[in-house]
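model-v4.cif follows; it contains mmCIF, C-alpha atoms.
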```cif
data_query
loop_
_atom_site.label_atom_id
_atom_site.label_comp_id
_atom_site.auth_asym_id
_atom_site.auth_seq_id
_atom_site.Cartn_x
_atom_site.Cartn_y
_atom_site.Cartn_z
CA MET A 4 -20.62 68.98 120.60
CA ALA A 5 -20.17 72.73 121.15
CA MET A 6 -23.94 73.02 121.59
CA GLU A 7 -24.03 75.88 119.08
CA TYR A 8 -27.21 74.51 117.55
CA ARG A 9 -28.20 77.59 115.58
CA GLN A 10 -24.80 77.71 113.88
CA ALA A 11 -24.83 73.96 113.29
CA GLU A 12 -28.27 74.17 111.70
CA CYS A 13 -27.11 76.97 109.39
CA ALA A 14 -24.09 74.94 108.25
CA PHE A 15 -26.22 71.86 107.54
CA VAL A 16 -28.79 73.92 105.61
CA GLN A 17 -26.01 75.33 103.43
CA ALA A 18 -24.69 71.81 102.86
CA GLU A 19 -28.19 70.60 102.01
CA GLY A 20 -28.51 73.28 99.34
CA LEU A 21 -25.20 72.28 97.76
CA ALA A 22 -26.05 68.56 97.87
CA LEU A 23 -29.49 69.10 96.35
CA ALA A 24 -28.02 71.20 93.53
CA GLN A 25 -25.56 68.39 92.74
CA ASN A 26 -27.98 65.48 93.33
CA ASP A 27 -25.52 64.20 95.93
CA PHE A 28 -27.87 61.77 97.66
CA ASP A 29 -25.07 60.15 99.63
CA ALA A 30 -24.33 63.47 101.34
CA LEU A 31 -28.05 64.12 101.84
CA SER A 32 -28.55 60.74 103.49
CA ARG A 33 -25.82 61.56 106.01
CA LEU A 34 -26.69 65.17 106.81
CA TYR A 35 -30.43 65.00 107.54
CA MET A 36 -30.07 63.20 110.87
CA PRO A 37 -27.57 65.65 112.40
CA LEU A 38 -29.67 68.48 110.94
CA GLN A 39 -32.67 66.98 112.72
CA GLU A 40 -30.69 66.81 115.97
CA SER A 41 -29.60 70.45 115.74
CA ARG A 42 -33.23 71.46 115.20
CA ARG A 43 -34.48 69.20 117.99
CA GLN A 44 -32.03 70.84 120.37
CA ARG A 45 -33.02 74.28 119.07
CA ARG A 46 -36.68 73.56 119.82
CA GLN A 47 -35.85 72.24 123.27
CA ARG A 48 -33.91 75.42 124.02
CA CYS A 49 -36.94 77.43 122.88
CA GLY A 50 -39.15 75.37 125.19
CA GLU A 51 -36.92 76.19 128.14
CA GLY A 52 -37.82 79.86 127.75
CA ILE A 53 -41.09 81.72 128.28
CA ILE A 54 -44.17 80.31 126.57
CA ARG A 55 -46.72 82.97 125.57
CA LEU A 56 -49.53 81.91 123.26
CA ASN A 57 -51.82 84.91 123.67
CA LEU A 58 -50.03 87.90 122.12
CA ILE A 59 -53.11 88.90 120.16
CA ALA A 60 -54.32 92.20 118.71
CA GLN A 61 -57.58 93.21 120.37
CA ASN A 62 -58.82 95.44 117.56
CA ALA A 63 -57.85 96.95 114.21
CA ALA A 64 -56.20 99.95 115.90
CA GLU A 65 -53.76 97.89 117.98
CA ILE A 66 -50.30 97.71 116.45
CA ILE A 67 -48.13 94.81 117.59
CA SER A 68 -44.42 95.62 117.71
CA PRO A 69 -42.31 92.59 116.71
CA GLU A 70 -39.14 94.38 117.83
CA LYS A 71 -40.47 94.93 121.35
CA ILE A 72 -41.55 91.30 121.56
CA ALA A 73 -38.15 90.11 120.34
CA ASP A 74 -36.52 92.25 123.04
CA GLN A 75 -38.93 91.05 125.74
CA PHE A 76 -38.85 87.34 124.84
CA PRO A 77 -35.37 86.45 123.51
CA GLN A 78 -35.99 82.81 124.43
CA GLY A 79 -39.33 81.06 124.28
CA GLN A 80 -42.29 79.90 122.24
CA LEU A 81 -44.77 82.52 121.10
CA LEU A 82 -48.07 82.88 119.29
CA ILE A 83 -48.49 86.34 117.74
CA ALA A 84 -51.72 87.28 115.96
CA GLY A 85 -52.13 90.54 114.07
CA TRP A 86 -55.55 91.90 113.16
CA GLY A 87 -56.29 89.91 110.00
CA THR A 88 -52.58 89.59 109.24
CA ILE A 89 -49.59 87.39 110.05
CA GLN A 90 -47.18 90.24 109.30
CA PRO A 91 -46.18 90.78 112.96
CA ALA A 92 -45.40 87.06 113.29
CA THR A 93 -43.38 86.88 110.05
CA GLU A 94 -41.42 89.98 111.05
CA LEU A 95 -40.78 88.51 114.51
CA ARG A 96 -39.51 85.29 112.92
CA ARG A 97 -37.12 87.36 110.80
CA LEU A 98 -35.80 89.17 113.89
CA GLN A 99 -35.40 85.91 115.82
CA GLU A 100 -33.42 84.45 112.93
CA GLU A 101 -31.33 87.59 112.50
CA ARG A 102 -30.46 87.69 116.20
CA GLY A 103 -29.92 83.95 116.53
CA GLN A 104 -32.49 83.75 119.31
CA TYR A 105 -33.73 80.48 120.72
CA ALA A 106 -37.30 81.61 120.20
CA GLU A 107 -39.98 80.44 117.78
CA THR A 108 -43.28 81.90 116.67
CA PHE A 109 -46.54 80.54 115.30
CA LEU A 110 -47.96 82.43 112.33
CA ALA A 111 -51.40 83.65 113.38
CA ALA A 112 -54.07 86.24 112.64
CA VAL A 113 -57.11 87.28 114.66
CA TYR A 114 -60.60 87.77 113.21
CA PRO A 115 -63.85 89.25 114.58
CA ILE A 116 -66.65 86.69 114.63
CA GLU A 117 -69.95 88.23 115.78
CA SER A 118 -69.22 89.40 119.34
CA ALA A 119 -66.07 87.32 119.77
CA ARG A 120 -62.63 86.87 118.22
CA VAL A 121 -61.00 83.78 116.78
CA ILE A 122 -57.35 83.10 116.09
CA ALA A 123 -56.26 81.35 112.90
CA VAL A 124 -52.85 79.68 112.95
CA VAL A 125 -51.59 79.13 109.40
CA PRO A 126 -48.92 76.63 108.33
CA THR A 127 -46.64 78.89 106.25
CA ASP A 128 -46.22 82.52 105.28
CA GLU A 129 -46.92 81.68 101.62
CA VAL A 130 -50.64 82.24 102.04
CA ALA A 131 -53.33 84.79 101.22
CA LEU A 132 -55.56 85.71 104.13
CA PRO A 133 -59.06 87.19 104.11
CA ALA A 134 -59.61 90.70 105.39
CA ALA A 135 -60.52 91.09 109.06
CA GLU A 136 -64.18 91.93 108.56
CA PRO A 137 -67.14 90.58 110.51
CA MET A 138 -68.22 87.22 109.14
CA SER A 139 -69.56 83.88 110.27
CA ILE A 140 -67.15 81.21 111.42
CA ASP A 141 -68.22 78.99 108.51
CA ARG A 142 -67.37 81.69 105.99
CA LEU A 143 -64.02 82.33 107.66
CA LEU A 144 -63.12 78.64 107.60
CA ARG A 145 -63.90 78.48 103.87
CA ARG A 146 -61.65 81.45 103.17
CA LEU A 147 -58.65 80.49 105.27
CA PRO A 148 -55.68 78.62 103.76
CA PRO A 149 -55.91 74.80 103.82
CA HIS A 150 -54.77 73.12 107.04
CA SER A 151 -55.15 76.24 109.18
CA VAL A 152 -55.92 75.64 112.86
CA VAL A 153 -58.59 77.89 114.37
CA PHE A 154 -59.20 78.67 118.05
CA THR A 155 -61.51 80.90 119.97
CA GLU A 156 -59.64 82.94 122.57
CA ASP A 157 -60.70 80.64 125.40
CA GLN A 158 -59.58 77.58 123.40
CA LEU A 159 -55.98 78.69 122.87
CA PRO A 160 -53.41 76.11 123.99
CA ARG A 161 -52.16 76.44 127.52
CA PRO A 162 -48.60 77.80 127.92
CA GLN A 163 -47.07 74.34 128.27
CA TYR A 164 -44.38 72.69 126.16
CA SER A 165 -46.59 69.65 125.49
CA GLU A 166 -49.37 71.87 124.15
CA VAL A 167 -46.93 73.70 121.89
CA MET A 168 -45.66 70.39 120.54
CA ALA A 169 -49.23 69.23 119.91
CA LEU A 170 -49.96 72.37 117.88
CA TRP A 171 -46.81 71.91 115.77
CA GLU A 172 -47.91 68.35 115.11
CA ARG A 173 -51.41 69.48 114.06
CA LEU A 174 -49.83 71.89 111.59
CA HIS A 175 -47.33 69.49 110.01
CA ALA A 176 -49.42 66.28 110.06
CA PRO A 177 -51.30 66.80 106.74
CA TYR A 178 -48.09 67.76 104.95
CA LEU A 179 -46.23 64.77 106.32
CA ALA A 180 -49.08 62.47 105.25
CA ALA A 181 -49.05 63.96 101.74
CA ALA A 182 -45.29 63.43 101.50
CA ASP A 183 -45.62 59.83 102.66
CA GLN A 184 -48.21 59.22 99.93
CA GLU A 185 -46.19 60.83 97.13
CA VAL A 186 -45.12 58.04 94.75
CA ASP A 187 -42.35 59.90 92.91
CA PRO A 188 -39.23 58.68 94.75
CA MET A 189 -37.09 61.55 93.54
CA ARG A 190 -37.59 65.29 93.74
CA LYS A 191 -41.36 65.43 94.26
CA LYS A 192 -41.18 63.30 97.38
CA ILE A 193 -38.09 65.13 98.60
CA ASP A 194 -39.79 68.47 97.99
CA ALA A 195 -42.90 67.28 99.84
CA TYR A 196 -40.88 66.36 102.94
CA ARG A 197 -38.98 69.65 102.75
CA LYS A 198 -42.31 71.49 102.61
CA THR A 199 -43.32 69.66 105.79
CA ILE A 200 -40.16 71.05 107.38
CA ARG A 201 -41.03 74.55 106.19
CA VAL A 202 -44.25 74.16 108.18
CA ASP A 203 -42.48 72.71 111.23
CA TYR A 204 -38.70 73.04 111.10
CA ALA A 205 -38.24 70.41 113.83
CA CYS A 206 -40.51 67.66 112.43
CA GLU A 207 -38.40 64.62 113.22
CA LEU A 208 -40.19 62.15 110.95
CA ALA A 209 -39.73 64.38 107.91
CA HIS A 210 -35.96 64.47 108.49
CA GLN A 211 -35.81 60.73 109.13
CA HIS A 212 -37.80 59.93 105.99
CA LEU A 213 -35.64 62.28 103.94
CA SER A 214 -32.49 60.55 105.15
CA ASP A 215 -33.92 57.12 104.37
CA LEU A 216 -35.20 58.24 100.97
CA ALA A 217 -31.85 59.75 99.97
CA ARG A 218 -30.10 56.55 101.05
CA ARG A 219 -32.45 54.40 98.96
CA ILE A 220 -31.99 56.64 95.92
CA CYS A 221 -28.20 56.49 96.38
CA ASN A 222 -28.21 52.69 96.69
CA HIS A 223 -30.45 52.36 93.63
CA SER A 224 -28.13 54.52 91.54
CA LEU A 225 -25.15 52.39 92.59
CA THR A 226 -26.84 49.12 91.69
CA HIS A 227 -28.58 50.48 88.57
CA PRO A 228 -26.13 53.06 87.15
CA ASP A 229 -27.93 53.26 83.81
CA SER A 230 -31.46 53.85 85.23
#
```

Take the structure from the file and write it as structure tokens.
Amino acid sequence: MAMEYRQAECAFVQAEGLALAQNDFDALSRLYMPLQESRRQRRQRCGEGIIRLNLIAQNAAEIISPEKIADQFPQGQLLIAGWGTIQPATELRRLQEERGQYAETFLAAVYPIESARVIAVVPTDEVALPAAEPMSIDRLLRRLPPHSVVFTEDQLPRPQYSEVMALWERLHAPYLAAADQEVDPMRKKIDAYRKTIRVDYACELAHQHLSDLARRICNHSLTHPDS
């Protein structure tokens, strides 16, 4: 109600951690929907800022300054690509979180391909990336983390909210599908949906499915206390 969505999200995340540690599925079933709403509003606030999807290193000598970008774009949606590294993007995410900015950043790295450059957007920061050395596009695709999204510079999404949303969906879709297919109704399925949210913090379906799953687990434990 106070529209302090960053603070609300932080409180719900802390509550989620406590509930998960205690297997309190009743609390989990009730907190995921307001957590989703706080993140939906956070994303919308980001989308009301400046959209820049072309902050890309042009060569190995160019150093991208996350601090300068955080100062320049305190609100918006950004794609930052270091030369063969996502380090500028991960550092920018840290600064945005630390400052409570309504800004979000895709994790990306740029690679030389023959006489051109391509940009690889990766789903999480828990990945190993190949070195930025000249190689064919086929070799690069084989060496990138699974579910990466690759663009040439002229194929980058346009700076429009709908295009940003489409890219988030491309990133989270395989993780959401894997979570839907997970048969373990307890922690494996919960962990799979939470991984989807690590890829895309505002994935609405992942939050909705988590809430429904926690409710079903809670109801089952009430009707089958010895199972």

For this session: Determine the residue set returned by the PyMOL selection byres ((chain A and resi 112-128) around 9) for the present structure, and present it as a VMD selection string.
Result: chain A and resid 59 to 62 82 to 90 92 to 93 109 to 111 129 to 132 134 to 140 143 147 to 156 159 174 to 175 201 to 203

For this session: Grab the CA of Gln80 (chain A) to CA of Arg46 (chain A) distance for me, in Å with one decimal place.
Result: 8.8 Å

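Neighbouring residues of Ser165 (chain A) at 12 Å or closer, counting all atoms listed in the file and skipping chain neighbours under 4 positions away, are Gln47, Gly50, Glu51, Ile54, Gln80, Pro160, Arg161, Ala169, Leu170, Trp171 and Glu172 of chain A.
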
Exercise. So how far away is CA of Glu70 (chain A) from CA of Glu94 (chain A), in Å?
Worked result: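 These two atoms are separated by 8.4 Å.
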
For this session: Evaluate the PyMOL selection byres ((chain A and resi 189) around 12) and record the selected residues as a count of residues only, following the chain and residue labels used in the document.
Result: 24

Exercise. How would you write as a VMD selection string the residues that get within 12 Å of (-33.4, 75.7, 123.2) in the file's frame, counting only C-alpha atoms?
Worked result: chain A and resid 6 to 9 40 to 53 77 to 80 103 to 107 164 205

Problem set entry | Interatomic distance (Å, one decimal) between CA of Val167 (chain A) and CA of Ala73 (chain A) |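 Taking CA of Val167 (chain A) and CA of Ala73 (chain A), their separation equals 18.7 Å.
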
For this session: List the residues matched by the PyMOL selection byres ((chain A and resi 208-211) around 8) in the displayed structure as a PyMOL selection string, ordered by chain and then by residue number.
Result: chain A and resi 35-36+38-39+179+196-197+199-200+206-207+212-215

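Closest approach to Asp74 (chain A) among A:Arg33, A:Arg102, A:Lys198, A:Arg146 is made by A:Arg102 (distances from only C-alpha atoms).
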